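Structure file data.tsv (TSV, C-alpha atoms) follows.
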```tsv
chain	number	residue	atom	x	y	z
A	1	MET	CA	-19.22	18.48	-21.93
A	2	ALA	CA	-17.83	21.40	-23.93
A	3	PHE	CA	-18.41	23.87	-21.08
A	4	LEU	CA	-15.84	22.16	-18.84
A	5	SER	CA	-12.18	23.14	-18.89
A	6	ALA	CA	-9.25	20.97	-19.87
A	7	ARG	CA	-8.19	21.30	-16.23
A	8	ALA	CA	-11.37	19.57	-15.11
A	9	GLY	CA	-10.59	16.75	-17.48
A	10	ARG	CA	-7.20	16.30	-15.85
A	11	ALA	CA	-8.74	15.86	-12.39
A	12	ARG	CA	-8.86	12.10	-11.86
A	13	ILE	CA	-10.48	9.93	-9.21
A	14	SER	CA	-7.92	7.78	-7.41
A	15	ALA	CA	-8.04	4.00	-7.51
A	16	SER	CA	-8.58	3.78	-3.76
A	17	ALA	CA	-11.37	6.37	-3.73
A	18	ALA	CA	-13.07	4.68	-6.70
A	19	ALA	CA	-12.93	1.27	-5.01
A	20	ALA	CA	-14.29	2.67	-1.75
A	21	GLN	CA	-17.10	4.48	-3.54
A	22	ARG	CA	-18.11	1.37	-5.46
A	23	ALA	CA	-18.18	-0.56	-2.19
A	24	ARG	CA	-20.48	2.06	-0.65
A	25	GLU	CA	-22.82	1.88	-3.65
A	26	LEU	CA	-23.05	-1.91	-3.46
A	27	ARG	CA	-23.62	-1.84	0.29
A	28	ALA	CA	-26.48	0.63	-0.23
A	29	LYS	CA	-28.07	-2.02	-2.45
A	30	GLY	CA	-27.70	-4.64	0.24
A	31	VAL	CA	-24.60	-6.38	-1.12
A	32	ASP	CA	-22.21	-7.79	1.49
A	33	ILE	CA	-18.89	-6.09	0.73
A	34	ILE	CA	-15.74	-5.88	2.82
A	35	GLU	CA	-14.03	-2.60	1.98
A	36	LEU	CA	-10.24	-2.64	2.35
A	37	ALA	CA	-9.64	0.23	-0.05
A	38	GLN	CA	-9.13	3.38	1.98
A	39	GLY	CA	-6.21	4.23	4.22
A	40	GLU	CA	-8.11	5.19	7.33
A	41	PRO	CA	-7.41	3.91	10.85
A	42	ASP	CA	-10.46	2.27	12.37
A	43	PHE	CA	-9.61	3.76	15.77
A	44	ASN	CA	-11.31	6.85	17.14
A	45	THR	CA	-9.54	10.16	17.67
A	46	PRO	CA	-8.01	10.16	21.19
A	47	ASP	CA	-10.26	11.57	23.89
A	48	HIS	CA	-7.91	14.38	24.93
A	49	VAL	CA	-7.89	15.67	21.35
A	50	ILE	CA	-11.70	15.66	21.13
A	51	GLU	CA	-11.91	17.44	24.50
A	52	ALA	CA	-9.50	20.12	23.30
A	53	ALA	CA	-11.70	20.72	20.26
A	54	HIS	CA	-14.76	21.02	22.48
A	55	ARG	CA	-13.02	23.55	24.73
A	56	ALA	CA	-11.93	25.54	21.69
A	57	MET	CA	-15.48	25.72	20.36
A	58	ARG	CA	-16.81	26.78	23.77
A	59	ALA	CA	-14.10	29.45	23.94
A	60	GLY	CA	-15.22	30.93	20.63
A	61	GLN	CA	-12.40	29.61	18.45
A	62	THR	CA	-14.79	29.23	15.51
A	63	HIS	CA	-13.67	32.12	13.31
A	64	TYR	CA	-11.13	32.77	10.56
A	65	THR	CA	-7.50	32.22	11.46
A	66	PRO	CA	-4.28	33.10	9.63
A	67	VAL	CA	-4.36	31.35	6.26
A	68	ASP	CA	-1.77	28.65	6.91
A	69	GLY	CA	-2.12	28.12	10.64
A	70	THR	CA	-2.52	29.86	13.98
A	71	PRO	CA	0.61	30.91	15.89
A	72	GLU	CA	-0.19	28.21	18.46
A	73	LEU	CA	-0.40	25.51	15.82
A	74	LYS	CA	2.75	26.61	14.03
A	75	ALA	CA	4.64	26.64	17.32
A	76	ALA	CA	3.40	23.11	18.13
A	77	ILE	CA	4.39	21.85	14.67
A	78	ALA	CA	7.85	23.42	14.86
A	79	GLN	CA	8.36	21.92	18.32
A	80	LYS	CA	7.19	18.50	17.07
A	81	PHE	CA	9.74	18.55	14.24
A	82	ARG	CA	12.55	19.54	16.62
A	83	ARG	CA	11.55	17.13	19.41
A	84	GLU	CA	10.67	14.01	17.41
A	85	ASN	CA	12.80	14.36	14.29
A	86	GLY	CA	15.72	16.62	15.17
A	87	LEU	CA	14.68	18.90	12.31
A	88	GLU	CA	15.50	22.56	12.77
A	89	CYS	CA	12.18	24.27	12.11
A	90	LYS	CA	10.79	27.68	13.04
A	91	PRO	CA	7.17	28.88	12.77
A	92	GLU	CA	8.03	30.81	9.61
A	93	ASN	CA	9.04	27.50	8.00
A	94	VAL	CA	5.62	25.95	8.72
A	95	SER	CA	2.53	25.72	6.55
A	96	ALA	CA	-0.69	24.02	7.65
A	97	GLY	CA	-3.55	23.06	5.37
A	98	ALA	CA	-6.71	20.98	5.13
A	99	GLY	CA	-4.86	17.67	5.11
A	100	GLY	CA	-1.50	16.56	3.80
A	101	LYS	CA	-2.97	16.34	0.32
A	102	GLN	CA	-3.68	20.07	0.22
A	103	VAL	CA	-0.18	20.80	1.47
A	104	LEU	CA	1.27	18.65	-1.34
A	105	HIS	CA	-1.00	20.32	-3.89
A	106	ASN	CA	0.07	23.76	-2.72
A	107	ALA	CA	3.74	22.87	-3.00
A	108	LEU	CA	3.42	21.45	-6.50
A	109	ALA	CA	1.13	24.26	-7.68
A	110	ALA	CA	3.64	26.82	-6.40
A	111	THR	CA	6.55	25.29	-8.31
A	112	LEU	CA	5.50	23.33	-11.40
A	113	ASP	CA	5.37	24.82	-14.86
A	114	VAL	CA	4.05	22.94	-17.90
A	115	GLY	CA	6.17	19.86	-18.56
A	116	ASP	CA	8.20	19.99	-15.36
A	117	GLU	CA	8.95	16.48	-14.18
A	118	VAL	CA	8.25	14.90	-10.79
A	119	VAL	CA	10.19	11.70	-10.12
A	120	ILE	CA	7.98	9.17	-8.33
A	121	PRO	CA	9.19	5.76	-7.15
A	122	ALA	CA	6.66	3.09	-8.11
A	123	PRO	CA	4.60	2.00	-6.33
A	124	SER	CA	3.64	5.25	-4.61
A	125	TRP	CA	0.51	6.98	-3.40
A	126	VAL	CA	-1.75	7.78	-6.33
A	127	ALA	CA	-2.04	11.48	-5.48
A	128	TYR	CA	1.58	12.27	-6.38
A	129	ALA	CA	1.07	11.50	-10.05
A	130	ASP	CA	-2.54	12.67	-10.16
A	131	ILE	CA	-1.76	16.12	-8.74
A	132	THR	CA	1.28	16.47	-10.99
A	133	PHE	CA	-0.80	15.57	-14.06
A	134	TYR	CA	-3.59	17.96	-13.00
A	135	LEU	CA	-1.07	20.81	-12.74
A	136	GLU	CA	0.31	20.01	-16.23
A	137	GLY	CA	3.54	18.58	-14.89
A	138	ALA	CA	4.94	15.24	-16.03
A	139	PRO	CA	4.93	12.33	-13.57
A	140	VAL	CA	8.00	10.14	-14.09
A	141	TRP	CA	7.38	6.72	-12.56
A	142	VAL	CA	10.51	4.79	-11.59
A	143	ALA	CA	9.73	1.12	-11.04
A	144	THR	CA	11.20	-0.36	-7.88
A	145	ARG	CA	11.66	-4.07	-7.30
A	146	PRO	CA	10.23	-6.31	-4.59
A	147	GLU	CA	13.65	-7.86	-4.02
A	148	ASN	CA	14.83	-4.36	-3.01
A	149	GLY	CA	11.88	-3.94	-0.68
A	150	PHE	CA	10.18	-1.61	-3.18
A	151	LYS	CA	12.77	1.05	-2.34
A	152	LEU	CA	14.38	3.39	-4.85
A	153	ARG	CA	18.04	2.62	-5.49
A	154	PRO	CA	20.60	5.38	-6.11
A	155	GLU	CA	21.39	4.16	-9.63
A	156	GLU	CA	17.66	4.14	-10.49
A	157	LEU	CA	17.31	7.71	-9.24
A	158	GLU	CA	20.35	8.81	-11.25
A	159	ARG	CA	18.88	7.41	-14.47
A	160	ALA	CA	15.52	9.10	-13.86
A	161	ILE	CA	16.79	12.66	-13.38
A	162	THR	CA	16.74	14.97	-16.40
A	163	PRO	CA	17.15	18.73	-16.85
A	164	ARG	CA	13.33	19.01	-16.51
A	165	SER	CA	13.20	17.23	-13.14
A	166	LYS	CA	11.75	19.54	-10.48
A	167	TRP	CA	10.90	17.26	-7.55
A	168	LEU	CA	11.60	13.82	-6.14
A	169	MET	CA	8.81	12.27	-4.08
A	170	LEU	CA	9.92	10.16	-1.11
A	171	ASN	CA	7.41	8.45	1.18
A	172	SER	CA	8.61	6.40	4.13
A	173	PRO	CA	6.91	4.39	5.50
A	174	SER	CA	5.34	3.96	2.10
A	175	ASN	CA	1.80	3.80	0.88
A	176	PRO	CA	1.17	1.25	-0.66
A	177	SER	CA	4.19	-1.03	-0.12
A	178	GLY	CA	5.05	-0.42	3.53
A	179	ALA	CA	8.69	0.18	2.55
A	180	VAL	CA	10.79	1.96	5.17
A	181	TYR	CA	14.04	3.72	4.24
A	182	SER	CA	16.91	3.53	6.70
A	183	ALA	CA	19.11	6.54	7.39
A	184	GLY	CA	21.86	4.90	5.34
A	185	GLU	CA	19.57	4.35	2.36
A	186	LEU	CA	18.48	7.99	2.46
A	187	ARG	CA	22.09	9.15	2.59
A	188	ALA	CA	22.83	7.08	-0.52
A	189	LEU	CA	20.00	8.83	-2.37
A	190	ALA	CA	21.23	12.16	-1.03
A	191	THR	CA	24.61	11.55	-2.66
A	192	VAL	CA	22.85	11.44	-6.03
A	193	LEU	CA	20.72	14.49	-5.27
A	194	GLU	CA	23.79	16.54	-4.33
A	195	ARG	CA	24.92	16.20	-7.96
A	196	HIS	CA	21.60	17.64	-9.19
A	197	PRO	CA	20.91	20.92	-7.34
A	198	HIS	CA	17.88	21.70	-9.51
A	199	VAL	CA	15.94	18.78	-7.99
A	200	TRP	CA	13.97	19.48	-4.81
A	201	ILE	CA	12.60	16.80	-2.51
A	202	ILE	CA	9.22	16.23	-0.91
A	203	SER	CA	9.62	13.91	2.07
A	204	ASP	CA	6.15	12.58	2.90
A	205	ASP	CA	6.41	11.34	6.49
A	206	MET	CA	2.69	10.81	7.08
A	207	TYR	CA	3.13	7.27	8.45
A	208	GLU	CA	6.21	7.96	10.59
A	209	HIS	CA	4.68	6.48	13.75
A	210	VAL	CA	3.44	3.27	12.09
A	211	LEU	CA	6.67	1.28	12.15
A	212	PHE	CA	7.07	-2.45	12.81
A	213	ASP	CA	9.63	-4.84	14.25
A	214	GLY	CA	11.48	-2.16	16.22
A	215	ARG	CA	12.46	-0.08	13.20
A	216	THR	CA	13.44	3.55	13.72
A	217	PHE	CA	12.27	6.46	11.63
A	218	ALA	CA	14.58	8.59	9.47
A	219	THR	CA	13.77	11.65	7.38
A	220	LEU	CA	15.88	13.10	4.60
A	221	ALA	CA	16.34	16.69	5.80
A	222	VAL	CA	17.86	15.38	9.05
A	223	VAL	CA	20.11	12.60	7.74
A	224	ALA	CA	21.24	14.83	4.83
A	225	PRO	CA	21.16	18.38	6.26
A	226	GLN	CA	22.97	19.66	3.16
A	227	LEU	CA	19.65	19.11	1.33
A	228	ALA	CA	17.40	20.74	3.93
A	229	ALA	CA	17.27	24.03	2.00
A	230	ARG	CA	15.49	22.24	-0.87
A	231	THR	CA	13.44	19.73	1.09
A	232	LEU	CA	9.79	20.05	2.07
A	233	THR	CA	8.96	17.68	4.94
A	234	VAL	CA	5.24	16.87	4.93
A	235	ASN	CA	3.25	15.29	7.75
A	236	GLY	CA	-0.19	15.43	9.33
A	237	CYS	CA	-2.52	14.24	12.04
A	238	SER	CA	-4.61	11.79	10.01
A	239	LYS	CA	-2.68	8.55	10.42
A	240	THR	CA	-0.84	9.14	13.70
A	241	PHE	CA	-3.86	10.33	15.67
A	242	ALA	CA	-6.73	8.79	13.66
A	243	MET	CA	-7.87	12.26	12.60
A	244	THR	CA	-8.62	11.68	8.91
A	245	GLY	CA	-11.90	13.62	9.03
A	246	TRP	CA	-10.40	16.61	10.82
A	247	ARG	CA	-8.33	17.45	7.70
A	248	LEU	CA	-5.13	18.82	9.18
A	249	GLY	CA	-1.79	18.44	7.41
A	250	TYR	CA	1.40	20.45	7.72
A	251	ALA	CA	4.91	20.88	6.38
A	252	CYS	CA	8.27	22.38	7.22
A	253	GLY	CA	10.30	23.89	4.41
A	254	PRO	CA	12.18	26.90	3.04
A	255	VAL	CA	10.51	30.21	3.89
A	256	GLU	CA	10.08	31.38	0.29
A	257	LEU	CA	8.32	28.17	-0.70
A	258	VAL	CA	6.14	28.20	2.42
A	259	ARG	CA	5.05	31.77	1.70
A	260	ALA	CA	4.14	30.90	-1.89
A	261	MET	CA	2.12	27.91	-0.64
A	262	GLY	CA	0.25	30.25	1.70
A	263	ARG	CA	-0.60	32.64	-1.12
A	264	LEU	CA	-2.06	29.79	-3.15
A	265	GLN	CA	-4.07	28.52	-0.20
A	266	ALA	CA	-5.44	32.03	0.30
A	267	GLN	CA	-7.00	31.76	-3.15
A	268	SER	CA	-8.60	28.37	-2.53
A	269	SER	CA	-9.72	27.29	0.93
A	270	LEU	CA	-8.23	29.96	3.23
A	271	ASN	CA	-7.41	28.53	6.65
A	272	PRO	CA	-7.92	24.94	7.74
A	273	SER	CA	-10.74	24.51	10.25
A	274	SER	CA	-10.10	26.57	13.37
A	275	VAL	CA	-11.41	23.75	15.54
A	276	SER	CA	-9.19	21.19	13.80
A	277	GLN	CA	-6.20	23.42	14.43
A	278	ALA	CA	-6.96	23.55	18.16
A	279	ALA	CA	-7.35	19.77	18.19
A	280	ALA	CA	-4.03	19.36	16.37
A	281	VAL	CA	-2.23	21.45	18.99
A	282	ALA	CA	-3.49	19.06	21.67
A	283	ALA	CA	-2.50	16.03	19.59
A	284	LEU	CA	1.01	17.26	18.83
A	285	ASN	CA	1.71	18.41	22.38
A	286	GLY	CA	-0.01	15.49	24.09
A	287	PRO	CA	0.90	11.97	25.19
A	288	MET	CA	2.04	9.41	22.63
A	289	GLU	CA	1.37	6.16	24.48
A	290	ILE	CA	-1.92	5.58	22.65
A	291	VAL	CA	-0.08	5.97	19.33
A	292	ARG	CA	2.38	3.24	20.30
A	293	GLU	CA	-0.43	0.95	21.46
A	294	ARG	CA	-2.23	1.33	18.14
A	295	CYS	CA	0.95	0.67	16.20
A	296	ALA	CA	1.31	-2.61	18.10
A	297	GLU	CA	-2.24	-3.52	17.07
A	298	PHE	CA	-1.43	-2.77	13.42
A	299	GLN	CA	1.60	-5.05	13.65
A	300	ALA	CA	-0.50	-7.85	15.16
A	301	ARG	CA	-2.93	-7.56	12.26
A	302	ARG	CA	-0.08	-7.60	9.75
A	303	ASP	CA	1.39	-10.72	11.34
A	304	ALA	CA	-1.99	-12.45	11.25
A	305	ILE	CA	-2.97	-11.81	7.65
A	306	VAL	CA	0.29	-11.76	5.66
A	307	PRO	CA	0.65	-15.57	5.94
A	308	LYS	CA	-2.99	-16.00	4.93
A	309	LEU	CA	-2.60	-13.87	1.81
A	310	ALA	CA	0.74	-15.44	0.93
A	311	ALA	CA	-0.91	-18.88	1.08
A	312	VAL	CA	-3.61	-17.95	-1.46
A	313	PRO	CA	-2.91	-19.74	-4.78
A	314	GLY	CA	-1.42	-17.36	-7.33
A	315	LEU	CA	-0.79	-14.48	-4.91
A	316	GLY	CA	2.42	-13.33	-3.31
A	317	CYS	CA	3.36	-10.77	-0.68
A	318	THR	CA	5.99	-9.91	1.87
A	319	PRO	CA	5.43	-8.32	5.29
A	320	PRO	CA	5.41	-4.51	5.13
A	321	HIS	CA	7.81	-2.75	7.48
A	322	GLY	CA	5.51	0.20	8.15
A	323	ALA	CA	2.18	1.89	7.33
A	324	PHE	CA	-0.90	-0.35	7.23
A	325	TYR	CA	-0.98	-1.75	3.72
A	326	ILE	CA	0.08	-4.94	1.97
A	327	TYR	CA	0.99	-4.75	-1.70
A	328	VAL	CA	-0.13	-8.09	-3.07
A	329	SER	CA	1.25	-9.54	-6.30
A	330	CYS	CA	-1.52	-11.08	-8.40
A	331	GLY	CA	0.53	-12.06	-11.45
A	332	GLY	CA	-0.33	-15.69	-10.81
A	333	TRP	CA	-3.98	-14.95	-11.54
A	334	LEU	CA	-3.45	-13.36	-14.93
A	335	GLY	CA	-4.55	-15.49	-17.85
A	336	LYS	CA	-7.01	-17.45	-15.73
A	337	LYS	CA	-10.78	-17.36	-16.11
A	338	THR	CA	-13.46	-16.50	-13.58
A	339	PRO	CA	-16.46	-18.79	-13.01
A	340	ALA	CA	-18.34	-16.50	-15.43
A	341	GLY	CA	-15.76	-17.26	-18.12
A	342	ARG	CA	-14.02	-13.86	-18.16
A	343	ALA	CA	-10.25	-13.83	-18.56
A	344	LEU	CA	-8.21	-11.88	-16.03
A	345	GLU	CA	-5.90	-9.83	-18.22
A	346	ASN	CA	-4.61	-7.20	-15.74
A	347	ASP	CA	-4.89	-6.15	-12.13
A	348	ALA	CA	-8.01	-4.07	-12.84
A	349	ASP	CA	-9.72	-7.29	-13.92
A	350	VAL	CA	-8.50	-8.92	-10.71
A	351	THR	CA	-9.96	-6.24	-8.47
A	352	THR	CA	-13.25	-6.34	-10.39
A	353	TYR	CA	-13.40	-10.08	-9.76
A	354	LEU	CA	-12.57	-9.58	-6.08
A	355	LEU	CA	-15.35	-7.01	-5.79
A	356	GLU	CA	-17.75	-9.60	-7.22
A	357	SER	CA	-16.37	-11.96	-4.57
A	358	GLY	CA	-17.17	-9.51	-1.77
A	359	VAL	CA	-13.87	-7.64	-1.24
A	360	ALA	CA	-13.15	-4.09	-2.44
A	361	VAL	CA	-9.46	-3.26	-3.00
A	362	PRO	CA	-7.68	-0.85	-5.39
A	363	ASN	CA	-5.57	-2.22	-8.24
A	364	GLY	CA	-1.87	-1.55	-8.60
A	365	ALA	CA	-1.92	0.41	-11.86
A	366	GLY	CA	-2.95	3.57	-10.02
A	367	TYR	CA	0.13	3.22	-7.80
A	368	GLY	CA	2.38	2.91	-10.82
A	369	LEU	CA	3.29	-0.78	-10.60
A	370	SER	CA	1.34	-3.80	-11.86
A	371	PRO	CA	0.16	-6.51	-11.47
A	372	TYR	CA	-0.67	-5.89	-7.82
A	373	PHE	CA	-3.51	-4.84	-5.57
A	374	ARG	CA	-3.38	-3.05	-2.22
A	375	VAL	CA	-4.93	-4.37	0.97
A	376	SER	CA	-5.45	-1.98	3.87
A	377	PHE	CA	-5.32	-3.68	7.27
A	378	ALA	CA	-6.62	-0.62	9.11
A	379	THR	CA	-9.70	-2.53	10.20
A	380	SER	CA	-10.54	-5.21	12.75
A	381	LEU	CA	-8.87	-8.60	12.67
A	382	PRO	CA	-12.15	-10.58	12.29
A	383	VAL	CA	-13.03	-8.49	9.21
A	384	LEU	CA	-9.55	-9.00	7.78
A	385	GLU	CA	-9.72	-12.75	8.34
A	386	GLU	CA	-13.07	-12.95	6.56
A	387	ALA	CA	-11.65	-10.91	3.67
A	388	CYS	CA	-8.73	-13.36	3.39
A	389	ARG	CA	-11.19	-16.26	3.36
A	390	ARG	CA	-13.13	-14.66	0.49
A	391	ILE	CA	-9.95	-13.95	-1.47
A	392	ASP	CA	-8.81	-17.53	-1.03
A	393	ALA	CA	-12.21	-18.84	-2.13
A	394	ALA	CA	-12.09	-16.60	-5.20
A	395	ALA	CA	-8.66	-17.97	-6.11
A	396	ARG	CA	-9.87	-21.56	-5.95
A	397	LYS	CA	-12.72	-20.84	-8.37
A	398	LEU	CA	-10.37	-19.68	-11.14
A	399	SER	CA	-9.65	-22.00	-14.04
```

So, in terms of structure tokens, how does the structure I just supplied come out?
Amino acid sequence: MAFLSARAGRARISASAAAAQRARELRAKGVDIIELAQGEPDFNTPDHVIEAAHRAMRAGQTHYTPVDGTPELKAAIAQKFRRENGLECKPENVSAGAGGKQVLHNALAATLDVGDEVVIPAPSWVAYADITFYLEGAPVWVATRPENGFKLRPEELERAITPRSKWLMLNSPSNPSGAVYSAGELRALATVLERHPHVWIISDDMYEHVLFDGRTFATLAVVAPQLAARTLTVNGCSKTFAMTGWRLGYACGPVELVRAMGRLQAQSSLNPSSVSQAAAVAALNGPMEIVRERCAEFQARRDAIVPKLAAVPGLGCTPPHGAFYIYVSCGGWLGKKTPAGRALENDADVTTYLLESGVAVPNGAGYGLSPYFRVSFATSLPVLEEACRRIDAAARKLS
């Protein structure tokens, strides 16, 4: 359509959103589909958070607020960073938006010029590359290896940095691989980054409370304080408190960057929902026991389905160390034919075949590393077990 801008053409639909939408369409037609595409906890928002939102509405907190967060919210976020992470953060270092994705978009929009490079370990969340591409930056995928736990190695980072590099994206625990960086591993990357002062870092900590097997969380600006002045630490309420629909993300970073992000937000959405902000204050300041209980449930699901997926002919996977995804290798399916006689040539063909078999999952190409697909285990164990049964049945029909 000639009327549309080139910018509109650069706005892409993510692999996970496309898979989830296709599942919804098929369900509307009466097709039995198990959707394991979206990263959304199946738990409800904790009661004390919902009650806080209700009180806020009754108290008249339904009007405009400061663009990037109320004073109460910024104080709660700054306290959270100090209390839980040991990160020195003041309200003036805080920016809140309508979800972590908006916060990331604001940061990249405030800093990227045409052709500026963003270094992205692969696999990584699809939005990093998609937002960079939309803003006319250049995503630079750096393939990681399963034998390294899908974690970026210092020598790989060194090779990827050029004079045009503007940002490095780090996500731990990782979507989609479940990789978790230790403090030592982050320090090793920091040693490389110290040699390249023009490279800033976005540390996406959205899954910090979904850690398995007793692992502890580490974030770059704390383990490498010499880099804090060029690190934006991003987090949110969606995964920790099952608040995906509330749309409340936040970040702590250098004041000049935070102010620029606020100016951009003022020209798009203005403030995040006033009610969501009140709910987030209650979540951040409230008890954490329910978060730990839900993490234990995620780990139980992981432990139940990883062996089932690993036993499927032609597939391979290792247990994730955090988040609620399994990145499944499907290289053993490539070159085989479906019962309809179609050859599986790539992971997009694999996920199309799985959809026909009753399971909706996104393919690995969108996450920068093929041939894989991502399974979200943020749903009930009986549903997950049935999905594994369908995947296994699909494998045994290939020739």

Can you pull out every residue within 10 Å of Pro197 (chain A), counting all atoms listed in the file, but drop anything in the same chain fewer than 2 positions away, and send it as a compact mmCIF listing (two decimals) with C-alpha atoms, keeping the file's coordinate frame?
```txt
# COMPACT_ATOMS: atom_id res chain seq x y z
CA LYS A 166 11.75 19.54 -10.48
CA VAL A 192 22.85 11.44 -6.03
CA LEU A 193 20.72 14.49 -5.27
CA GLU A 194 23.79 16.54 -4.33
CA ARG A 195 24.92 16.20 -7.96
CA VAL A 199 15.94 18.78 -7.99
CA TRP A 200 13.97 19.48 -4.81
CA LEU A 227 19.65 19.11 1.33
CA ARG A 230 15.49 22.24 -0.87
```

**Message:** Here is a test: counting all atoms listed in the file, which residue of A:Gly115, A:Gly178, A:Gly9, A:Pro139 is nearest to Pro319 (chain A)?
**Reply:** A:Gly178

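We find CA of Ser14 (chain A) and CA of Asn363 (chain A) to be spaced 10.3 Å apart.
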
**Prompt:** How would you write as an MDAnalysis selection string the residues that get within 9 Å of (-16.2, -13.8, 2.4) in the file's frame, counting all atoms listed in the file?
**Reply:** chainID A and resid 32:34 357:359 385:393

Considering all atoms listed in the file, tabulate each residue of region 220-269 of chain A that lies at most 6 Å from region 205-214 of chain A along with its nearest interatomic pair and the corresponding distance in Å to one decimal; arrange the rows by chain and ascending residue number and present them as a Markdown table.
```
| residue | atom | partner | partner_atom | distance |
| --- | --- | --- | --- | --- |
| A:Val234 | CA | A:Asp205 | CA | 5.9 |
| A:Asn235 | CA | A:Met206 | CA | 4.6 |
| A:Gly236 | CA | A:Met206 | CA | 5.9 |
```

**Item:** From A:Asn106, A:Lys308, A:Ala283, A:Ala138, residue lying nearest His48 (chain A) [only C-alpha atoms]
**Value:**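 Closest to His48 (chain A), using only C-alpha atoms: A:Ala283.
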
Step by step: start from the point (-14.4, -16.7, -14.8) in the file's coordinates, keep every protein, DNA or RNA residue that has an atom no farther than 10 Å from it, count only C-alpha atoms, and write the set as a CSV table (one decimal) with C-alpha atoms, keeping the file's coordinate frame.
```csv
chain,number,residue,atom,x,y,z
A,336,LYS,CA,-7.0,-17.4,-15.7
A,337,LYS,CA,-10.8,-17.4,-16.1
A,338,THR,CA,-13.5,-16.5,-13.6
A,339,PRO,CA,-16.5,-18.8,-13.0
A,340,ALA,CA,-18.3,-16.5,-15.4
A,341,GLY,CA,-15.8,-17.3,-18.1
A,342,ARG,CA,-14.0,-13.9,-18.2
A,343,ALA,CA,-10.2,-13.8,-18.6
A,344,LEU,CA,-8.2,-11.9,-16.0
A,353,TYR,CA,-13.4,-10.1,-9.8
A,394,ALA,CA,-12.1,-16.6,-5.2
A,397,LYS,CA,-12.7,-20.8,-8.4
A,398,LEU,CA,-10.4,-19.7,-11.1
A,399,SER,CA,-9.6,-22.0,-14.0
```

List as a PDB file with C-alpha atoms, keeping the file's coordinate frame the protein and nucleic acid residues near Ala348 (chain A), meaning an atom at most 10 Å away when only C-alpha atoms are counted, but skip any in the same chain fewer than 4 places from it.
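That gives us out_10.pdb:
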```pdb
ATOM      1  CA  ALA A  15      -8.040   4.000  -7.510  1.00  0.00           C
ATOM      2  CA  LEU A 344      -8.210 -11.880 -16.030  1.00  0.00           C
ATOM      3  CA  THR A 352     -13.250  -6.340 -10.390  1.00  0.00           C
ATOM      4  CA  TYR A 353     -13.400 -10.080  -9.760  1.00  0.00           C
ATOM      5  CA  LEU A 354     -12.570  -9.580  -6.080  1.00  0.00           C
ATOM      6  CA  VAL A 361      -9.460  -3.260  -3.000  1.00  0.00           C
ATOM      7  CA  PRO A 362      -7.680  -0.850  -5.390  1.00  0.00           C
ATOM      8  CA  ASN A 363      -5.570  -2.220  -8.240  1.00  0.00           C
ATOM      9  CA  GLY A 364      -1.870  -1.550  -8.600  1.00  0.00           C
ATOM     10  CA  ALA A 365      -1.920   0.410 -11.860  1.00  0.00           C
ATOM     11  CA  GLY A 366      -2.950   3.570 -10.020  1.00  0.00           C
ATOM     12  CA  SER A 370       1.340  -3.800 -11.860  1.00  0.00           C
ATOM     13  CA  PRO A 371       0.160  -6.510 -11.470  1.00  0.00           C
ATOM     14  CA  TYR A 372      -0.670  -5.890  -7.820  1.00  0.00           C
ATOM     15  CA  PHE A 373      -3.510  -4.840  -5.570  1.00  0.00           C
TER      16      PHE A 373
END
```

**Request:** Report the distance between CA of Ala107 (chain A) and CA of Met169 (chain A) in Å, rounded to one decimal place.
**Result:**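 Distance reported for this atom pair: 11.8 Å.
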
**Shell around Gly245 (chain A) at 10 Å using all atoms listed in the file, local window under 4 positions removed, as a ChimeraX atom specification** = /A:40,45,98-99,237-238,276

**Request:** Would you mind listing what lies within 9 Å of Tyr134 (chain A) as a PyMOL selection string, with all atoms listed in the file counted and same-chain residues fewer than 2 positions away left out?
**Result:** chain A and resi 7-12+129-132+136-137

**Message:** Considering all atoms listed in the file, can you say which of A:Met288, A:Ile202, A:Leu152, A:Leu104 comes closest to Gly249 (chain A)?
**Reply:** A:Leu104

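Near Asp116 (chain A), within 12 Å and counting only C-alpha atoms, sit Leu108, Ala109, Thr111, Leu112, Asp113, Val119, Thr132, Phe133, Leu135, Glu136, Gly137, Ala138, Pro139, Val140, Ile161, Thr162, Pro163, Arg164, Ser165, Lys166, Trp167, Leu168, His198 and Val199 of chain A; same-chain residues fewer than 3 positions away were not included.
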